[in-house]
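The file protein-v3.txt contains compact mmCIF, C-alpha atoms:
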# COMPACT_ATOMS: atom_id res chain seq x y z
CA MET E 1 -16.11 -8.40 -28.46
CA ARG E 2 -14.71 -5.34 -26.71
CA HIS E 3 -16.78 -6.06 -23.59
CA LEU E 4 -15.69 -9.71 -23.64
CA ALA E 5 -12.03 -8.66 -23.84
CA THR E 6 -12.51 -6.25 -20.92
CA ALA E 7 -14.17 -8.95 -18.82
CA SER E 8 -11.37 -11.38 -19.64
CA SER E 9 -8.71 -8.85 -18.67
CA LEU E 10 -10.56 -8.00 -15.47
CA LEU E 11 -10.75 -11.69 -14.55
CA LEU E 12 -7.03 -12.17 -15.22
CA ALA E 13 -6.14 -9.11 -13.14
CA SER E 14 -8.02 -10.50 -10.14
CA HIS E 15 -5.49 -13.29 -9.46
CA PRO E 16 -8.22 -15.86 -10.14
CA VAL E 17 -6.41 -19.01 -8.98
CA PRO E 18 -5.67 -17.90 -5.39
CA ALA E 19 -9.03 -16.11 -5.22
CA VAL E 20 -10.94 -19.26 -6.14
CA GLY E 21 -8.68 -21.40 -3.95
CA VAL E 22 -9.21 -19.31 -0.80
CA THR E 23 -12.94 -19.10 -1.54
CA ALA E 24 -13.26 -22.86 -1.98
CA ILE E 25 -11.38 -23.60 1.23
CA THR E 26 -13.48 -21.14 3.22
CA ALA E 27 -16.70 -22.52 1.76
CA GLY E 28 -15.50 -26.01 2.69
CA LEU E 29 -14.90 -24.86 6.26
CA ALA E 30 -18.40 -23.38 6.34
CA ALA E 31 -19.81 -26.74 5.32
CA THR E 32 -17.85 -28.57 8.03
CA VAL E 33 -19.33 -26.39 10.78
CA GLY E 34 -22.86 -27.21 9.67
CA GLN E 35 -23.87 -24.18 7.60
CA GLY E 36 -26.65 -24.98 5.14
CA ALA E 37 -26.41 -24.53 1.41
CA THR E 38 -27.47 -20.88 1.60
CA GLY E 39 -24.94 -20.10 4.32
CA VAL E 40 -22.14 -21.77 2.39
CA LEU E 41 -23.04 -19.88 -0.78
CA VAL E 42 -23.19 -16.50 1.00
CA THR E 43 -19.89 -17.24 2.76
CA ALA E 44 -18.32 -18.08 -0.59
CA ALA E 45 -19.73 -14.94 -2.20
CA ALA E 46 -18.42 -12.72 0.61
CA VAL E 47 -14.95 -14.23 0.53
CA LEU E 48 -14.80 -14.21 -3.27
CA ALA E 49 -15.73 -10.53 -3.40
CA GLY E 50 -13.02 -9.77 -0.85
CA GLN E 51 -10.41 -11.82 -2.68
CA LEU E 52 -11.26 -10.15 -5.97
CA SER E 53 -10.81 -6.72 -4.38
CA VAL E 54 -7.40 -7.76 -3.02
CA GLY E 55 -6.26 -9.16 -6.35
CA TRP E 56 -7.40 -6.14 -8.34
CA LEU E 57 -5.82 -3.72 -5.89
CA ASN E 58 -2.58 -5.67 -6.07
CA ASP E 59 -2.36 -5.43 -9.86
CA LEU E 60 -3.40 -1.78 -9.80
CA VAL E 61 -0.70 -0.80 -7.30
CA ASP E 62 1.96 -2.95 -9.00
CA ALA E 63 1.17 -1.91 -12.58
CA ASP E 64 4.25 0.25 -13.07
CA ARG E 65 6.59 -2.34 -11.54
CA ASP E 66 5.02 -5.13 -13.60
CA ALA E 67 5.46 -3.09 -16.77
CA GLN E 68 9.09 -2.35 -15.87
CA VAL E 69 10.04 -6.04 -15.84
CA GLY E 70 7.65 -7.05 -18.66
CA ARG E 71 5.74 -9.45 -16.43
CA ARG E 72 3.35 -11.53 -18.51
CA GLY E 73 -0.29 -12.03 -17.63
CA LYS E 74 -0.71 -8.58 -16.10
CA PRO E 75 -3.51 -6.79 -18.01
CA VAL E 76 -3.16 -3.46 -16.17
CA ALA E 77 0.57 -3.26 -16.87
CA ALA E 78 0.01 -4.35 -20.48
CA GLY E 79 -2.70 -1.74 -21.00
CA THR E 80 -5.37 -4.22 -22.05
CA ILE E 81 -7.62 -2.79 -19.34
CA SER E 82 -7.65 0.72 -17.92
CA ARG E 83 -6.59 1.53 -14.39
CA ARG E 84 -9.88 3.33 -13.91
CA ALA E 85 -11.84 0.18 -14.72
CA VAL E 86 -9.84 -1.85 -12.21
CA LEU E 87 -10.21 0.87 -9.57
CA VAL E 88 -13.99 0.85 -10.08
CA ALA E 89 -13.95 -2.94 -9.69
CA VAL E 90 -12.05 -2.62 -6.40
CA LEU E 91 -14.46 0.01 -5.11
CA LEU E 92 -17.42 -2.23 -5.93
CA ALA E 93 -16.02 -5.52 -4.67
CA ALA E 94 -14.62 -4.27 -1.35
CA PRO E 95 -17.90 -2.99 0.17
CA MET E 96 -19.77 -5.93 -1.36
CA ALA E 97 -17.55 -8.31 0.64
CA VAL E 98 -18.49 -6.50 3.86
CA VAL E 99 -22.20 -6.30 3.01
CA LEU E 100 -22.33 -10.03 2.23
CA SER E 101 -20.73 -10.72 5.63
CA LEU E 102 -23.47 -8.91 7.56
CA PRO E 103 -25.96 -11.82 7.70
CA PHE E 104 -23.47 -13.71 9.88
CA GLY E 105 -23.51 -11.06 12.60
CA GLY E 106 -21.26 -8.32 13.91
CA PRO E 107 -18.31 -10.41 15.21
CA ALA E 108 -18.05 -12.42 11.98
CA THR E 109 -18.33 -9.28 9.85
CA ALA E 110 -15.64 -7.58 11.94
CA ALA E 111 -13.33 -10.58 11.53
CA HIS E 112 -13.74 -10.56 7.75
CA PHE E 113 -13.32 -6.78 7.56
CA VAL E 114 -10.07 -6.84 9.56
CA ALA E 115 -8.79 -9.69 7.36
CA LEU E 116 -9.50 -7.60 4.27
CA VAL E 117 -7.94 -4.44 5.71
CA SER E 118 -4.82 -6.48 6.44
CA ALA E 119 -4.71 -7.81 2.87
CA TRP E 120 -5.26 -4.34 1.40
CA ALA E 121 -2.46 -2.98 3.62
CA TYR E 122 -0.16 -5.62 2.12
CA ASP E 123 -1.02 -4.43 -1.39
CA LEU E 124 -0.59 -0.77 -0.45
CA GLY E 125 2.92 -1.06 0.93
CA LEU E 126 3.56 -3.75 3.52
CA LYS E 127 4.59 -6.19 0.79
CA ALA E 128 7.81 -4.19 0.38
CA SER E 129 8.65 -4.16 4.09
CA PRO E 130 10.25 -6.68 6.49
CA LEU E 131 6.74 -7.13 7.95
CA SER E 132 5.35 -8.49 4.68
CA VAL E 133 4.42 -11.85 6.22
CA LEU E 134 2.21 -10.35 8.93
CA PRO E 135 -0.81 -9.52 6.71
CA TYR E 136 -0.83 -13.11 5.45
CA ALA E 137 -0.73 -14.49 8.98
CA LEU E 138 -3.47 -12.16 10.20
CA SER E 139 -5.78 -12.45 7.18
CA PHE E 140 -5.57 -16.25 6.93
CA GLY E 141 -5.89 -16.65 10.68
CA LEU E 142 -9.10 -14.61 10.67
CA LEU E 143 -10.82 -16.54 7.86
CA PRO E 144 -11.82 -19.51 10.06
CA ALA E 145 -12.91 -16.98 12.69
CA PHE E 146 -15.23 -15.41 10.12
CA VAL E 147 -16.71 -18.84 9.38
CA THR E 148 -17.22 -20.07 12.94
CA LEU E 149 -18.28 -16.76 14.49
CA GLY E 150 -21.20 -16.74 12.07
CA SER E 151 -22.35 -20.23 13.02
CA THR E 152 -20.91 -22.16 15.96
CA GLY E 153 -19.10 -19.44 17.91
CA PRO E 154 -15.43 -18.59 18.47
CA PRO E 155 -12.99 -20.79 16.53
CA PRO E 156 -10.69 -23.24 18.31
CA MET E 157 -7.27 -21.66 18.80
CA TRP E 158 -5.45 -24.53 17.11
CA LEU E 159 -7.42 -23.79 13.94
CA VAL E 160 -6.61 -20.08 13.98
CA LEU E 161 -2.92 -20.84 14.56
CA ALA E 162 -2.81 -23.49 11.82
CA ALA E 163 -4.49 -21.12 9.35
CA ALA E 164 -2.07 -18.31 10.23
CA LEU E 165 0.91 -20.63 9.76
CA LEU E 166 -0.38 -21.87 6.40
CA GLY E 167 -1.05 -18.29 5.30
CA SER E 168 2.49 -17.30 6.26
CA ALA E 169 3.88 -20.24 4.31
CA ALA E 170 1.75 -19.21 1.33
CA HIS E 171 3.44 -15.79 1.38
CA PHE E 172 6.91 -17.29 0.99
CA VAL E 173 5.78 -19.83 -1.61
CA ASN E 174 3.87 -17.21 -3.61
CA VAL E 175 6.84 -14.83 -3.80
CA LEU E 176 9.52 -17.37 -4.72
CA PRO E 177 8.94 -17.35 -8.52
CA ASP E 178 9.14 -13.53 -8.62
CA LEU E 179 12.25 -12.89 -6.51
CA SER E 180 14.39 -11.66 -9.41
CA ASP E 181 11.67 -9.35 -10.74
CA ASP E 182 11.04 -8.01 -7.24
CA ALA E 183 14.74 -7.28 -6.78
CA ALA E 184 14.76 -5.34 -10.06
CA THR E 185 11.79 -3.21 -9.00
CA GLY E 186 12.83 -2.52 -5.42
CA VAL E 187 10.34 -4.75 -3.59
CA ARG E 188 12.08 -5.75 -0.37
CA GLY E 189 9.64 -7.85 1.61
CA LEU E 190 10.80 -10.51 4.04
CA PRO E 191 11.19 -13.31 1.43
CA GLN E 192 13.18 -11.01 -0.85
CA ARG E 193 15.50 -10.15 2.03
CA LEU E 194 15.99 -13.80 2.96
CA GLY E 195 16.52 -15.09 -0.58
CA ALA E 196 15.24 -18.23 -2.30
CA VAL E 197 16.91 -20.90 -0.15
CA LYS E 198 16.08 -19.37 3.25
CA SER E 199 12.54 -18.56 2.09
CA THR E 200 12.00 -22.17 1.03
CA VAL E 201 13.27 -23.32 4.44
CA ALA E 202 10.98 -20.80 6.15
CA ALA E 203 7.97 -22.02 4.16
CA SER E 204 8.86 -25.63 5.03
CA CYS E 205 9.10 -24.84 8.74
CA LEU E 206 5.78 -23.01 8.64
CA VAL E 207 3.83 -25.82 6.95
CA LEU E 208 5.49 -28.32 9.28
CA ALA E 209 4.39 -26.21 12.26
CA ALA E 210 0.88 -26.07 10.80
CA SER E 211 0.87 -29.86 10.45
CA ALA E 212 2.02 -30.24 14.05
CA THR E 213 -0.66 -27.82 15.25
CA MET E 214 -3.35 -29.77 13.41
CA ALA E 215 -1.99 -33.07 14.69
CA LEU E 216 -2.38 -31.77 18.24
CA GLY E 217 -5.90 -30.56 17.47
CA PRO E 218 -8.95 -32.85 17.66
CA LEU E 219 -8.53 -34.31 14.15
CA ARG E 220 -9.33 -37.97 13.73
CA VAL E 221 -6.36 -38.60 11.41
CA GLY E 222 -4.11 -35.89 12.80
CA TRP E 223 -1.61 -38.44 14.11
CA LEU E 224 -0.84 -39.43 10.50
CA LEU E 225 -0.31 -35.88 9.32
CA LEU E 226 2.93 -34.91 11.05
CA PRO E 227 5.09 -37.90 10.05
CA LEU E 228 3.74 -37.67 6.50
CA ALA E 229 4.63 -33.97 6.36
CA VAL E 230 8.15 -34.71 7.63
CA LEU E 231 8.56 -37.45 5.03
CA VAL E 232 7.37 -35.29 2.12
CA LEU E 233 9.47 -32.27 3.11
CA GLY E 234 12.55 -34.41 3.74
CA ALA E 235 12.22 -36.09 0.36
CA GLY E 236 11.71 -32.71 -1.29
CA PHE E 237 14.92 -31.29 0.10
CA VAL E 238 16.97 -34.43 -0.61
CA LEU E 239 15.75 -34.66 -4.20
CA GLY E 240 15.90 -30.90 -4.74
CA ARG E 241 19.56 -30.27 -3.98
CA ARG E 242 20.40 -29.60 -7.62
CA PRO E 243 20.76 -25.89 -8.50
CA GLY E 244 17.53 -24.54 -9.95
CA SER E 245 15.46 -27.52 -8.77
CA ARG E 246 11.91 -26.73 -7.64
CA THR E 247 11.36 -30.09 -5.91
CA ALA E 248 11.56 -28.57 -2.41
CA PHE E 249 9.10 -25.88 -3.47
CA HIS E 250 6.66 -28.50 -4.74
CA ALA E 251 7.06 -30.48 -1.50
CA VAL E 252 6.04 -27.42 0.53
CA VAL E 253 2.97 -26.91 -1.64
CA LEU E 254 2.05 -30.59 -1.36
CA VAL E 255 2.21 -30.56 2.46
CA ALA E 256 0.08 -27.40 2.57
CA LEU E 257 -2.50 -29.09 0.35
CA LEU E 258 -2.43 -32.18 2.58
CA ASP E 259 -3.08 -30.00 5.63
CA VAL E 260 -6.07 -28.38 3.96
CA ALA E 261 -7.43 -31.71 2.70
CA VAL E 262 -7.22 -33.27 6.18
CA LEU E 263 -8.92 -30.25 7.72
CA LEU E 264 -11.79 -30.27 5.24
CA THR E 265 -12.39 -34.02 5.51
CA THR E 266 -12.31 -34.23 9.31
CA GLY E 267 -14.35 -31.16 10.24
CA ILE E 268 -14.03 -28.54 12.96
CA GLU E 269 -15.10 -28.66 16.56
CA PRO E 270 -16.01 -25.31 18.07
CA GLY E 271 -13.60 -23.85 20.59

Let me see the file written as structure tokens.
Amino acid sequence: MRHLATASSLLLASHPVPAVGVTAITAGLAATVGQGATGVLVTAAAVLAGQLSVGWLNDLVDADRDAQVGRRGKPVAAGTISRRAVLVAVLLAAPMAVVLSLPFGGPATAAHFVALVSAWAYDLGLKASPLSVLPYALSFGLLPAFVTLGSTGPPPMWLVLAAALLGSAAHFVNVLPDLSDDAATGVRGLPQRLGAVKSTVAASCLVLAASATMALGPLRVGWLLLPLAVLVLGAGFVLGRRPGSRTAFHAVVLVALLDVAVLLTTGIEPG
């Protein structure tokens, strides 16, 4: 039972939902560029290992701040798993992500490694700086590069830009629920400096820009994407004018999901 509890705490500390989400999207991209089942599985394993290392490092670095505000669902802060155990997990997962990238060649491995270094830098301090959005833009922008460099060649620039814009939007959306806790613990990243309303507007502009970028790319249904994104975001802001409403937030998330769904169902042409 003790080992089961440790495994459960380790899983929870890894930020499993975003880790699985990013892994699934990247695996989907790998499938769209023609990688076989083995290639897709290895891609997924490499990205999952990297995402786990990022999530564990995040909870390890933030343990004291999480404990200070009594944040629920944080096993390291709650003491249900030791910091040493999480550190060992980070030190195992991080090199594993790089090793699993090697079969795709040097350029792809380098792209994934730089994406991970960027994400680790966010955990280790950039999250509390005005540059907090940059690691998201860089890391997300490099994920399609990792996929295509290992199969079809350099990624199309519209895809890299769209991924970077969606990653930047994800930063603002991800931070919004924790703004008050971050203020209490001295985390002053870009969303915290802008506040909830301006951060929601920033996230909306970023997903709208991503939609426009994809609409201009060679997507078969791209011409439908931009007006639909405008409609959803507009409705979200009109219906979400009440204080405390999260309708605009949900509209941003919905448009981001639409962008990803369109990308995965239409495929990628090499640049």

Quiz item: From the set E:Leu10, E:Ala115, E:Leu159, E:Leu29, which residue has the shortest atom-to-atom contact distance to Arg84 (chain E), counting only C-alpha atoms?
Solution: E:Leu10

Quiz item: Neighbours of region 66-79 of chain E within 12 Å (only C-alpha atoms; same-chain residues fewer than 3 positions away dropped), as a count of residues only?
Solution: 38

Practice problem: To one decimal in Å, tell me the separation between CA of Val201 (chain E) and CA of Val255 (chain E). | Solution: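 Distance between the two atoms: 13.4 Å.
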
Quiz prompt | Point-to-point distance in Å for CA of Ser151 (chain E) and CA of Ala24 (chain E) | solution =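 Those two atoms sit 17.7 Å apart.
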
Quiz item: Which residues come within 7 Å of region 124-139 of chain E, counting only C-alpha atoms, excluding same-chain residues fewer than 5 positions away, as an MDAnalysis selection string?
Solution: chainID E and resid 61 115:116 118:119 164:165 167:168 171 187:190
